[in-house]
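S.K.: My structure file model.tsv, TSV, C-alpha atoms, is below:
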chain	number	residue	atom	x	y	z
A	1	MET	CA	-63.88	50.59	-12.41
A	2	HIS	CA	-63.67	47.73	-9.85
A	3	ALA	CA	-64.55	48.38	-6.27
A	4	SER	CA	-60.86	48.33	-5.40
A	5	GLY	CA	-60.18	51.20	-7.79
A	6	SER	CA	-58.20	49.04	-10.19
A	7	PRO	CA	-59.40	48.44	-13.73
A	8	ARG	CA	-60.96	45.02	-14.35
A	9	PRO	CA	-58.90	42.92	-16.77
A	10	ALA	CA	-60.73	42.78	-20.06
A	11	ALA	CA	-59.99	39.13	-20.48
A	12	LEU	CA	-62.11	38.36	-17.42
A	13	GLU	CA	-65.25	40.31	-18.52
A	14	PRO	CA	-68.10	37.85	-19.14
A	15	ARG	CA	-69.46	38.05	-22.66
A	16	ALA	CA	-73.07	39.35	-23.25
A	17	THR	CA	-75.64	37.40	-25.15
A	18	GLY	CA	-77.13	38.61	-28.42
A	19	SER	CA	-79.95	40.53	-26.60
A	20	GLY	CA	-77.43	42.52	-24.50
A	21	ARG	CA	-78.56	40.78	-21.29
A	22	LEU	CA	-76.84	38.00	-19.44
A	23	PRO	CA	-78.60	34.68	-18.89
A	24	ARG	CA	-79.88	34.16	-15.35
A	25	TRP	CA	-77.43	31.36	-14.52
A	26	VAL	CA	-74.56	33.53	-15.66
A	27	ALA	CA	-75.74	36.39	-13.49
A	28	ILE	CA	-76.01	34.11	-10.47
A	29	LEU	CA	-72.54	32.68	-11.12
A	30	ARG	CA	-71.20	36.20	-11.52
A	31	CYS	CA	-72.67	37.38	-8.21
A	32	THR	CA	-71.80	34.35	-6.13
A	33	VAL	CA	-68.42	33.26	-7.53
A	34	ILE	CA	-66.79	35.49	-10.11
A	35	GLU	CA	-67.30	38.86	-8.42
A	36	PRO	CA	-65.84	37.73	-5.04
A	37	VAL	CA	-62.94	36.10	-6.79
A	38	LEU	CA	-62.27	39.18	-8.86
A	39	ALA	CA	-62.55	41.39	-5.81
A	40	TRP	CA	-59.65	39.45	-4.29
A	41	ALA	CA	-57.67	38.65	-7.41
A	42	CYS	CA	-57.67	41.89	-9.37
A	43	PRO	CA	-55.35	43.86	-7.07
A	44	ILE	CA	-52.92	40.93	-7.20
A	45	ALA	CA	-53.22	40.81	-10.99
A	46	VAL	CA	-52.34	44.44	-11.20
A	47	ARG	CA	-49.34	44.13	-8.93
A	48	ARG	CA	-47.96	40.89	-10.40
A	49	ALA	CA	-49.19	41.38	-13.95
A	50	GLN	CA	-49.04	38.35	-16.19
A	51	ALA	CA	-47.71	35.83	-13.64
A	52	SER	CA	-50.69	36.14	-11.23
A	53	LEU	CA	-53.12	36.52	-14.11
A	54	GLY	CA	-52.05	33.16	-15.51
A	55	LEU	CA	-52.58	31.55	-12.13
A	56	LEU	CA	-56.06	33.10	-11.79
A	57	LEU	CA	-57.06	31.94	-15.25
A	58	SER	CA	-55.99	28.42	-14.49
A	59	LEU	CA	-58.09	28.39	-11.33
A	60	VAL	CA	-61.16	29.78	-13.10
A	61	SER	CA	-60.82	27.27	-15.90
A	62	CYS	CA	-60.38	24.37	-13.37
A	63	GLY	CA	-57.12	23.31	-15.08
A	64	ASP	CA	-54.21	21.50	-13.39
A	65	PRO	CA	-52.16	23.63	-10.99
A	66	PRO	CA	-48.72	24.68	-12.17
A	67	GLY	CA	-45.80	22.40	-11.31
A	68	PRO	CA	-43.25	23.20	-8.61
A	69	PRO	CA	-40.87	26.03	-9.46
A	70	VAL	CA	-37.31	25.16	-10.40
A	71	ALA	CA	-34.96	25.80	-7.50
A	72	ARG	CA	-32.30	28.42	-8.14
A	73	ALA	CA	-28.83	28.63	-6.67
A	74	PRO	CA	-28.65	31.16	-3.82
A	75	VAL	CA	-27.06	34.50	-4.50
A	76	SER	CA	-24.49	35.86	-2.09
A	77	ALA	CA	-25.00	39.05	-0.12
A	78	THR	CA	-22.98	40.95	-2.69
A	79	SER	CA	-25.25	39.62	-5.47
A	80	ALA	CA	-22.29	37.92	-7.09
A	81	PRO	CA	-23.44	34.95	-9.18
A	82	VAL	CA	-22.62	31.55	-7.78
A	83	ALA	CA	-20.89	29.21	-10.19
A	84	PRO	CA	-22.83	26.00	-10.77
A	85	ALA	CA	-21.39	22.95	-9.04
A	86	ALA	CA	-19.30	20.73	-11.27
A	87	ALA	CA	-20.87	17.41	-12.13
A	88	PRO	CA	-19.13	14.51	-10.36
A	89	PRO	CA	-16.92	12.45	-12.64
A	90	GLU	CA	-18.37	9.15	-13.74
A	91	VAL	CA	-15.17	7.26	-12.99
A	92	ALA	CA	-12.63	8.41	-10.40
A	93	ARG	CA	-9.15	8.93	-11.77
A	94	ALA	CA	-6.35	6.89	-10.28
A	95	PRO	CA	-3.66	9.06	-8.64
A	96	GLU	CA	-0.25	9.18	-10.23
A	97	GLY	CA	3.15	8.17	-8.91
A	98	ALA	CA	3.59	6.51	-5.54
A	99	ALA	CA	0.04	7.38	-4.50
A	100	ALA	CA	-1.29	5.10	-7.22
A	101	ALA	CA	0.14	2.06	-5.50
A	102	ALA	CA	-1.26	3.13	-2.12
A	103	SER	CA	-4.76	3.60	-3.57
A	104	THR	CA	-4.92	0.27	-5.40
A	105	ALA	CA	-6.72	-1.47	-2.54
A	106	ALA	CA	-9.20	1.39	-1.98
A	107	ALA	CA	-10.18	2.28	-5.56
A	108	PRO	CA	-11.65	-0.33	-7.91
A	109	SER	CA	-9.37	-1.16	-10.78
A	110	ALA	CA	-10.31	-0.99	-14.43
A	111	ALA	CA	-10.15	-4.77	-14.54
A	112	ALA	CA	-12.64	-5.03	-11.69
A	113	GLN	CA	-15.03	-2.57	-13.38
A	114	SER	CA	-14.86	-4.53	-16.60
A	115	GLY	CA	-15.71	-7.75	-14.81
A	116	VAL	CA	-12.21	-9.22	-15.08
A	117	ALA	CA	-10.73	-10.48	-11.83
A	118	PRO	CA	-7.78	-8.26	-10.74
A	119	ALA	CA	-4.33	-9.79	-10.68
A	120	ALA	CA	-2.98	-10.84	-7.30
A	121	PRO	CA	-0.44	-8.40	-5.81
A	122	VAL	CA	3.15	-9.31	-6.57
A	123	VAL	CA	5.12	-10.19	-3.45
A	124	PRO	CA	8.75	-9.03	-3.67
A	125	ASP	CA	11.10	-11.96	-4.23
A	126	TYR	CA	13.42	-10.79	-1.47
A	127	GLU	CA	10.79	-10.37	1.28
A	128	GLN	CA	11.15	-13.79	2.80
A	129	ALA	CA	11.29	-13.27	6.58
A	130	ASP	CA	8.71	-15.41	8.38
A	131	LEU	CA	6.24	-13.35	10.43
A	132	ASP	CA	4.07	-16.23	11.65
A	133	ALA	CA	4.37	-16.35	15.45
A	134	ASP	CA	2.66	-19.75	15.66
A	135	ASN	CA	5.60	-21.67	14.17
A	136	ASP	CA	8.46	-20.13	16.13
A	137	LEU	CA	9.21	-23.44	17.86
A	138	LEU	CA	9.38	-25.34	14.60
A	139	VAL	CA	13.00	-25.93	13.60
A	140	ALA	CA	13.25	-27.86	10.35
A	141	PRO	CA	14.46	-27.52	6.78
A	142	PRO	CA	12.61	-24.71	4.95
A	143	VAL	CA	9.70	-25.59	2.73
A	144	PRO	CA	10.55	-25.36	-1.00
A	145	ILE	CA	9.11	-22.37	-2.85
A	146	ASP	CA	7.40	-22.40	-6.22
A	147	ASP	CA	9.26	-21.44	-9.39
A	148	CYS	CA	12.62	-21.11	-7.69
A	149	PRO	CA	14.67	-20.97	-10.95
A	150	LYS	CA	12.38	-18.31	-12.46
A	151	ARG	CA	12.51	-16.18	-9.33
A	152	LEU	CA	16.30	-16.38	-9.25
A	153	GLU	CA	16.45	-15.34	-12.89
A	154	ARG	CA	14.10	-12.41	-12.27
A	155	ALA	CA	16.38	-11.33	-9.42
A	156	GLN	CA	19.39	-11.50	-11.80
A	157	ILE	CA	21.09	-14.17	-9.69
A	158	ALA	CA	23.44	-16.61	-11.38
A	159	PHE	CA	23.22	-20.06	-9.80
A	160	ALA	CA	23.82	-23.74	-10.23
A	161	PRO	CA	21.41	-26.32	-8.76
A	162	THR	CA	22.94	-28.65	-6.20
A	163	GLN	CA	21.79	-31.14	-3.56
A	164	LEU	CA	22.00	-31.45	0.19
A	165	PRO	CA	20.08	-34.67	0.88
A	166	LEU	CA	18.01	-34.74	4.02
A	167	LYS	CA	19.74	-36.90	6.56
A	168	ARG	CA	20.56	-37.29	10.22
A	169	GLU	CA	24.12	-36.89	11.39
A	170	LYS	CA	25.91	-37.29	14.68
A	171	THR	CA	27.22	-34.10	16.19
A	172	VAL	CA	28.41	-32.81	19.54
A	173	GLY	CA	25.81	-30.81	21.43
A	174	PRO	CA	26.26	-28.01	24.01
A	175	SER	CA	26.59	-30.59	26.79
A	176	GLY	CA	29.46	-32.30	25.01
A	177	ARG	CA	27.43	-35.40	24.31
A	178	ALA	CA	27.07	-36.87	20.86
A	179	GLU	CA	23.67	-36.17	19.36
A	180	VAL	CA	21.87	-36.88	16.12
A	181	VAL	CA	20.77	-33.83	14.14
A	182	ALA	CA	18.67	-33.60	10.96
A	183	CYS	CA	20.49	-31.78	8.17
A	184	GLY	CA	20.10	-30.87	4.53
A	185	ALA	CA	17.37	-29.21	2.51
A	186	GLU	CA	15.24	-29.97	-0.53
A	187	GLN	CA	15.92	-26.85	-2.58
A	188	VAL	CA	19.57	-25.76	-2.65
A	189	VAL	CA	21.68	-23.82	-5.13
A	190	VAL	CA	25.25	-22.63	-5.47
A	191	TYR	CA	25.19	-18.83	-5.53
A	192	LEU	CA	27.42	-17.70	-8.41
A	193	GLY	CA	26.69	-13.99	-8.48
A	194	GLY	CA	24.02	-11.42	-7.81
A	195	PRO	CA	22.61	-8.20	-9.28
A	196	ALA	CA	25.09	-5.94	-7.46
A	197	LYS	CA	28.11	-7.77	-8.95
A	198	ILE	CA	29.73	-8.50	-5.58
A	199	LYS	CA	32.25	-11.33	-5.54
A	200	TYR	CA	32.76	-13.89	-2.77
A	201	ASN	CA	35.78	-15.67	-1.37
A	202	ALA	CA	33.88	-18.91	-2.05
A	203	ALA	CA	30.59	-19.51	-3.84
A	204	PRO	CA	27.93	-19.85	-1.10
A	205	THR	CA	25.75	-22.95	-1.00
A	206	LEU	CA	22.29	-21.78	0.06
A	207	THR	CA	18.61	-22.60	0.01
A	208	CYS	CA	16.69	-20.87	-2.74
A	209	ARG	CA	15.13	-18.56	-0.13
A	210	MET	CA	18.52	-17.49	1.19
A	211	ALA	CA	19.87	-16.99	-2.33
A	212	LEU	CA	17.01	-14.60	-3.11
A	213	ALA	CA	17.54	-12.76	0.17
A	214	LEU	CA	21.28	-12.52	-0.43
A	215	GLY	CA	20.69	-10.96	-3.85
A	216	ARG	CA	18.60	-8.23	-2.27
A	217	PHE	CA	21.14	-7.84	0.55
A	218	GLU	CA	23.84	-7.12	-2.06
A	219	GLU	CA	21.75	-4.26	-3.48
A	220	LEU	CA	21.07	-2.89	-0.01
A	221	ALA	CA	24.77	-3.08	0.88
A	222	GLN	CA	25.76	-1.19	-2.27
A	223	GLU	CA	23.21	1.51	-1.48
A	224	GLN	CA	24.47	1.91	2.09
A	225	ALA	CA	28.12	1.86	1.04
A	226	LEU	CA	27.60	4.68	-1.44
A	227	LYS	CA	25.68	6.67	1.16
A	228	HIS	CA	28.17	6.30	4.03
A	229	LEU	CA	31.48	5.60	2.29
A	230	GLY	CA	31.13	7.00	-1.21
A	231	GLN	CA	32.34	3.68	-2.63
A	232	ARG	CA	30.83	0.52	-4.05
A	233	ILE	CA	31.52	-2.94	-2.64
A	234	ALA	CA	33.69	-5.32	-4.64
A	235	ARG	CA	33.82	-8.38	-2.40
A	236	PHE	CA	32.28	-10.17	0.57
A	237	LYS	CA	34.25	-12.57	2.69
A	238	HIS	CA	32.02	-15.11	4.42
A	239	LEU	CA	32.81	-17.78	7.02
A	240	GLY	CA	30.49	-20.45	5.65
A	241	THR	CA	26.91	-21.40	4.98
A	242	TYR	CA	26.29	-25.15	5.41
A	243	SER	CA	27.33	-26.87	8.63
A	244	CYS	CA	25.32	-29.69	10.21
A	245	ARG	CA	25.24	-28.79	13.90
A	246	LYS	CA	23.27	-27.41	16.80
A	247	MET	CA	23.63	-23.89	18.12
A	248	VAL	CA	26.36	-23.38	20.67
A	249	ARG	CA	24.22	-21.48	23.20
A	250	PHE	CA	20.76	-22.94	22.57
A	251	ASP	CA	19.22	-26.37	22.20
A	252	PHE	CA	18.14	-25.59	18.65
A	253	VAL	CA	19.48	-26.91	15.39
A	254	SER	CA	21.37	-24.13	13.63
A	255	GLU	CA	19.97	-22.80	10.36
A	256	HIS	CA	23.44	-23.53	8.99
A	257	SER	CA	22.38	-27.19	9.10
A	258	TYR	CA	19.96	-26.40	6.26
A	259	ALA	CA	22.23	-24.03	4.29
A	260	ASN	CA	19.71	-21.43	5.34
A	261	ALA	CA	22.28	-19.01	6.83
A	262	ILE	CA	25.47	-17.15	5.98
A	263	ASP	CA	28.14	-15.44	8.11
A	264	ILE	CA	29.66	-12.24	6.65
A	265	GLU	CA	33.04	-11.30	8.14
A	266	GLU	CA	34.69	-8.77	5.86
A	267	ILE	CA	33.86	-6.30	3.07
A	268	THR	CA	36.26	-5.01	0.43
A	269	LEU	CA	35.44	-1.77	-1.39
A	270	GLU	CA	36.23	-1.03	-5.04
A	271	ASN	CA	39.07	1.29	-3.99
A	272	GLY	CA	40.70	-1.63	-2.15
A	273	ALA	CA	39.76	-0.54	1.38
A	274	ARG	CA	38.80	-3.40	3.67
A	275	LEU	CA	36.27	-3.28	6.46
A	276	SER	CA	35.80	-6.01	9.02
A	277	VAL	CA	33.05	-6.43	11.57
A	278	LYS	CA	35.67	-7.06	14.24
A	279	LYS	CA	37.67	-3.88	13.62
A	280	ASN	CA	35.07	-1.42	12.33
A	281	PHE	CA	31.79	-2.13	14.13
A	282	GLY	CA	32.81	0.21	16.97
A	283	ALA	CA	32.47	0.20	20.74
A	284	LEU	CA	29.22	-1.41	21.82
A	285	ASP	CA	28.57	1.13	24.58
A	286	ALA	CA	28.91	4.18	22.34
A	287	ALA	CA	27.34	5.67	19.24
A	288	PRO	CA	29.18	4.98	15.97
A	289	SER	CA	32.04	7.46	15.63
A	290	THR	CA	33.26	6.59	12.12
A	291	ARG	CA	31.67	6.28	8.71
A	292	GLN	CA	32.65	2.61	8.63
A	293	SER	CA	30.83	1.97	11.91
A	294	GLN	CA	27.77	3.89	10.74
A	295	PHE	CA	27.73	1.85	7.54
A	296	LEU	CA	27.96	-1.54	9.25
A	297	ARG	CA	25.33	-0.80	11.87
A	298	SER	CA	22.82	0.76	9.49
A	299	LEU	CA	23.28	-2.14	7.05
A	300	ALA	CA	22.54	-4.71	9.75
A	301	ARG	CA	19.48	-2.83	11.04
A	302	ARG	CA	17.98	-2.42	7.59
A	303	ALA	CA	18.56	-6.09	6.77
A	304	PHE	CA	16.36	-7.02	9.74
A	305	ASP	CA	13.83	-4.17	9.65
A	306	GLU	CA	13.10	-4.60	5.95
A	307	ARG	CA	12.57	-8.35	6.37
A	308	LEU	CA	15.44	-9.52	4.20
A	309	PHE	CA	16.27	-12.00	6.95
A	310	SER	CA	14.47	-13.42	9.97
A	311	THR	CA	17.57	-13.34	12.14
A	312	VAL	CA	20.40	-10.79	12.04
A	313	LEU	CA	23.08	-11.18	14.72
A	314	THR	CA	25.95	-8.70	15.23
A	315	PRO	CA	28.48	-7.98	18.01
A	316	PHE	CA	25.54	-6.52	19.95
A	317	TRP	CA	24.12	-10.06	20.34
A	318	ASP	CA	26.99	-11.89	22.05
A	319	LYS	CA	30.72	-12.48	21.97
A	320	LEU	CA	30.33	-15.37	19.56
A	321	HIS	CA	29.41	-12.79	16.89
A	322	HIS	CA	32.08	-10.24	17.70
A	323	ASP	CA	33.65	-10.66	14.26
A	324	HIS	CA	30.78	-11.35	11.84
A	325	PHE	CA	27.16	-10.83	10.89
A	326	HIS	CA	24.99	-13.93	11.04
A	327	LEU	CA	22.07	-13.80	8.57
A	328	ASP	CA	19.40	-16.50	8.27
A	329	LEU	CA	15.78	-17.23	7.38
A	330	ALA	CA	14.59	-19.22	10.39
A	331	ARG	CA	10.88	-19.45	11.14
A	332	TYR	CA	11.43	-17.44	14.33
A	333	ARG	CA	12.79	-13.87	14.37
A	334	VAL	CA	15.75	-12.49	16.33
A	335	ASP	CA	16.91	-8.87	16.19
A	336	GLY	CA	20.56	-8.77	17.20
A	337	THR	CA	21.29	-5.41	15.55
A	338	ARG	CA	20.80	-3.17	18.60
A	339	PRO	CA	22.24	-2.99	22.11
A	340	ASN	CA	20.75	-5.60	24.45
For the file at hand, write its structure as structure tokens.

M.R.:
Amino acid sequence: MHASGSPRPAALEPRATGSGRLPRWVAILRCTVIEPVLAWACPIAVRRAQASLGLLLSLVSCGDPPGPPVARAPVSATSAPVAPAAAPPEVARAPEGAAAAASTAAAPSAAAQSGVAPAAPVVPDYEQADLDADNDLLVAPPVPIDDCPKRLERAQIAFAPTQLPLKREKTVGPSGRAEVVACGAEQVVVYLGGPAKIKYNAAPTLTCRMALALGRFEELAQEQALKHLGQRIARFKHLGTYSCRKMVRFDFVSEHSYANAIDIEEITLENGARLSVKKNFGALDAAPSTRQSQFLRSLARRAFDERLFSTVLTPFWDKLHHDHFHLDLARYRVDGTRPN
């Protein structure tokens, strides 16, 4: 028995020589090293059995120490096993539906991961309002846009190319004096029909930009008419598009001088009902009290807020617009759709 009262492991007993006696160097090693080690290690070997015995053997044999133990997931207080954490996906999935469009800028596209340059975002054809504040004082014919015929075709707008040569004409200004005004535009079409199938009292002559905006305005007007009136629109009556002149109230050339504006006076529904801005816009100092008034006001606000046009003037703006909506794509922006 060992001094501790525990049996000595047989595997640790030093072997005897053929004469039954141990060599002197073995006896010295036993007294100075092995016995003290065994005196400390044997109780541990008994308590921990094979695990501590393997460690002791490795120390005695001067082998490499065991590697670090593998970490285990913690167990809850109720000893319920903890599910292993799911491995992160190699490639994040793109969200579906409307969220997919919102995440396009944040998540790398498949084209980007494959090394192919992503396609440039498509700008809606109808979003033409100028937001650049640095050019608000620039009044001039609009700059032509690329691929005008293709964009009109994509927007389902029937048109015929026409010309309004750039020129300078004499006109009468606000002071009553004769003045010379630059008129015309480089890129002009005759608007023959749009995607919402609304007819006009006369085919509007417009810049390509205004034609694209008018096509979108038709769709917006149909949407609002169905919402507020339960009817689709059959016809727009306008007061004109091209007119070489200055504004009446301001010392600016009118966007009408570039065929970059249109004045809408009256709307006819498919059931034959007629709405006019003059009769149905409603009292300016009161909330809209009829469906017709709600329709006209919401249509004008959306046309400005959604950037279909840079300028939207209604009876709220001044008495000169008491009977029509003025819509244009000037470089500056004017919101005339709300009380002053």

S.K.: At what distance in Å, to one decimal, does CA of Ser310 in chain A lie from CA of Ala133 in chain A?

M.R.: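 CA of Ser310 in chain A lies at a distance of 11.9 Å from CA of Ala133 in chain A.
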
S.K.: Restricting the calculation to only C-alpha atoms: of A:Asn340, A:Thr241, A:Thr314, A:Gln224, which residue gets closest to Leu206 in chain A?

M.R.: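 Checking each of A:Asn340, A:Thr241, A:Thr314, A:Gln224 against Leu206 in chain A, counting only C-alpha atoms, the winner is A:Thr241.
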
S.K.: Would you mind telling me which residue in A:Val253, A:Ala259, A:Cys244, A:Leu229 lies nearest to Leu296 in chain A when using all atoms listed in the file?

M.R.: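 Among the listed residues, A:Leu229 lies closest to Leu296 in chain A.
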
S.K.: Mind giving me the straight-line distance from CA of Ser254 in chain A to CA of Tyr332 in chain A in Å, one decimal?

M.R.: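 Distance between the two atoms: 12.0 Å.
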
S.K.: One decimal, Å: what's the distance from CA of Lys197 in chain A over to CA of Glu270 in chain A, could you say?

M.R.: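 These atoms are spaced 11.3 Å apart.
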
S.K.: Here's a test: counting only C-alpha atoms, identify every protein, DNA and RNA residue with an atom at most 8 Å from (29.3, 10.0, 6.5) in the file's coordinate frame, and state them as a ChimeraX atom specification.

M.R.: /A:227-229,290-291,294

S.K.: Just want the 12 Å neighbourhood of Pro161 in chain A, counted on all atoms listed in the file, with same-chain residues fewer than 4 positions away dropped. Output as a ChimeraX atom specification.

M.R.: /A:148-149,152,186-192,204-208,211

S.K.: Counting only C-alpha atoms, which residue out of A:Ala158, A:Cys183, A:Leu226, A:Phe252 sits closest to Leu269 in chain A?

M.R.: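 Smallest distance to Leu269 in chain A is found for A:Leu226.
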
S.K.: Do you know which residues lie at most 10 Å from (36.2, -8.1, 14.7), with coordinates as in the file and only C-alpha atoms counted, and could you write them as a list in words?

M.R.: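 Here is the list of nearby residues: Glu265, Glu266, Leu275, Ser276, Val277, Lys278, Lys279, Asn280, Phe281, Gly282, Pro315, His321, His322, Asp323 and His324 of chain A.
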
S.K.: Would you write out those residues with C-alpha atoms, as an mmCIF file, in the coordinates of the input?

M.R.:
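Below is the file that was written, again.cif:
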data_model
loop_
_atom_site.group_PDB
_atom_site.id
_atom_site.type_symbol
_atom_site.label_atom_id
_atom_site.label_comp_id
_atom_site.auth_asym_id
_atom_site.auth_seq_id
_atom_site.Cartn_x
_atom_site.Cartn_y
_atom_site.Cartn_z
ATOM 1 C CA GLU A 265 33.040 -11.300 8.140
ATOM 2 C CA GLU A 266 34.690 -8.770 5.860
ATOM 3 C CA LEU A 275 36.270 -3.280 6.460
ATOM 4 C CA SER A 276 35.800 -6.010 9.020
ATOM 5 C CA VAL A 277 33.050 -6.430 11.570
ATOM 6 C CA LYS A 278 35.670 -7.060 14.240
ATOM 7 C CA LYS A 279 37.670 -3.880 13.620
ATOM 8 C CA ASN A 280 35.070 -1.420 12.330
ATOM 9 C CA PHE A 281 31.790 -2.130 14.130
ATOM 10 C CA GLY A 282 32.810 0.210 16.970
ATOM 11 C CA PRO A 315 28.480 -7.980 18.010
ATOM 12 C CA HIS A 321 29.410 -12.790 16.890
ATOM 13 C CA HIS A 322 32.080 -10.240 17.700
ATOM 14 C CA ASP A 323 33.650 -10.660 14.260
ATOM 15 C CA HIS A 324 30.780 -11.350 11.840
#

S.K.: Pick the closest to Ala196 in chain A from A:Ala286, A:Met247, A:Ala225, A:Ala273: which is it, counting all atoms listed in the file?

M.R.: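 Using all atoms listed in the file, the shortest distance to Ala196 in chain A belongs to A:Ala225.
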
S.K.: Around all listed atoms of range 262-281 of chain A, padded 3 Å per side, what centre and edge lengths does the axis-aligned box have in Å to one decimal, as lines of an AutoDock Vina configuration file?

M.R.:
center_x = 33.1
center_y = -7.9
center_z = 4.6
size_x = 21.2
size_y = 24.4
size_z = 25.3

S.K.: Add whatever atoms are absent from range 193-204 of chain A to reach N, CA and C atoms, and provide the output as a short mmCIF file (atom, residue, chain, number, x, y, z; two decimals), in the frame of the given file.

M.R.:
data_model
loop_
_atom_site.label_atom_id
_atom_site.label_comp_id
_atom_site.auth_asym_id
_atom_site.auth_seq_id
_atom_site.Cartn_x
_atom_site.Cartn_y
_atom_site.Cartn_z
N GLY A 193 26.60 -15.43 -8.30
CA GLY A 193 26.69 -13.99 -8.48
C GLY A 193 25.32 -13.35 -8.45
N GLY A 194 25.29 -12.12 -7.95
CA GLY A 194 24.02 -11.42 -7.81
C GLY A 194 23.94 -10.14 -8.61
N PRO A 195 22.84 -9.40 -8.47
CA PRO A 195 22.61 -8.20 -9.28
C PRO A 195 23.58 -7.06 -9.00
N ALA A 196 24.18 -7.04 -7.81
CA ALA A 196 25.09 -5.94 -7.46
C ALA A 196 26.54 -6.24 -7.82
N LYS A 197 26.78 -7.40 -8.45
CA LYS A 197 28.11 -7.77 -8.95
C LYS A 197 29.17 -7.84 -7.85
N ILE A 198 28.78 -8.32 -6.68
CA ILE A 198 29.73 -8.50 -5.58
C ILE A 198 30.30 -9.92 -5.65
N LYS A 199 31.60 -10.03 -5.51
CA LYS A 199 32.25 -11.33 -5.54
C LYS A 199 32.37 -11.89 -4.13
N TYR A 200 32.65 -13.20 -4.05
CA TYR A 200 32.76 -13.89 -2.77
C TYR A 200 34.06 -14.69 -2.73
N ASN A 201 34.57 -14.86 -1.51
CA ASN A 201 35.78 -15.67 -1.37
C ASN A 201 35.53 -17.13 -1.74
N ALA A 202 34.30 -17.57 -1.62
CA ALA A 202 33.88 -18.91 -2.05
C ALA A 202 32.40 -18.83 -2.38
N ALA A 203 32.00 -19.55 -3.43
CA ALA A 203 30.59 -19.51 -3.84
C ALA A 203 29.72 -20.10 -2.74
N PRO A 204 28.77 -19.33 -2.20
CA PRO A 204 27.93 -19.85 -1.10
C PRO A 204 26.96 -20.92 -1.59
#
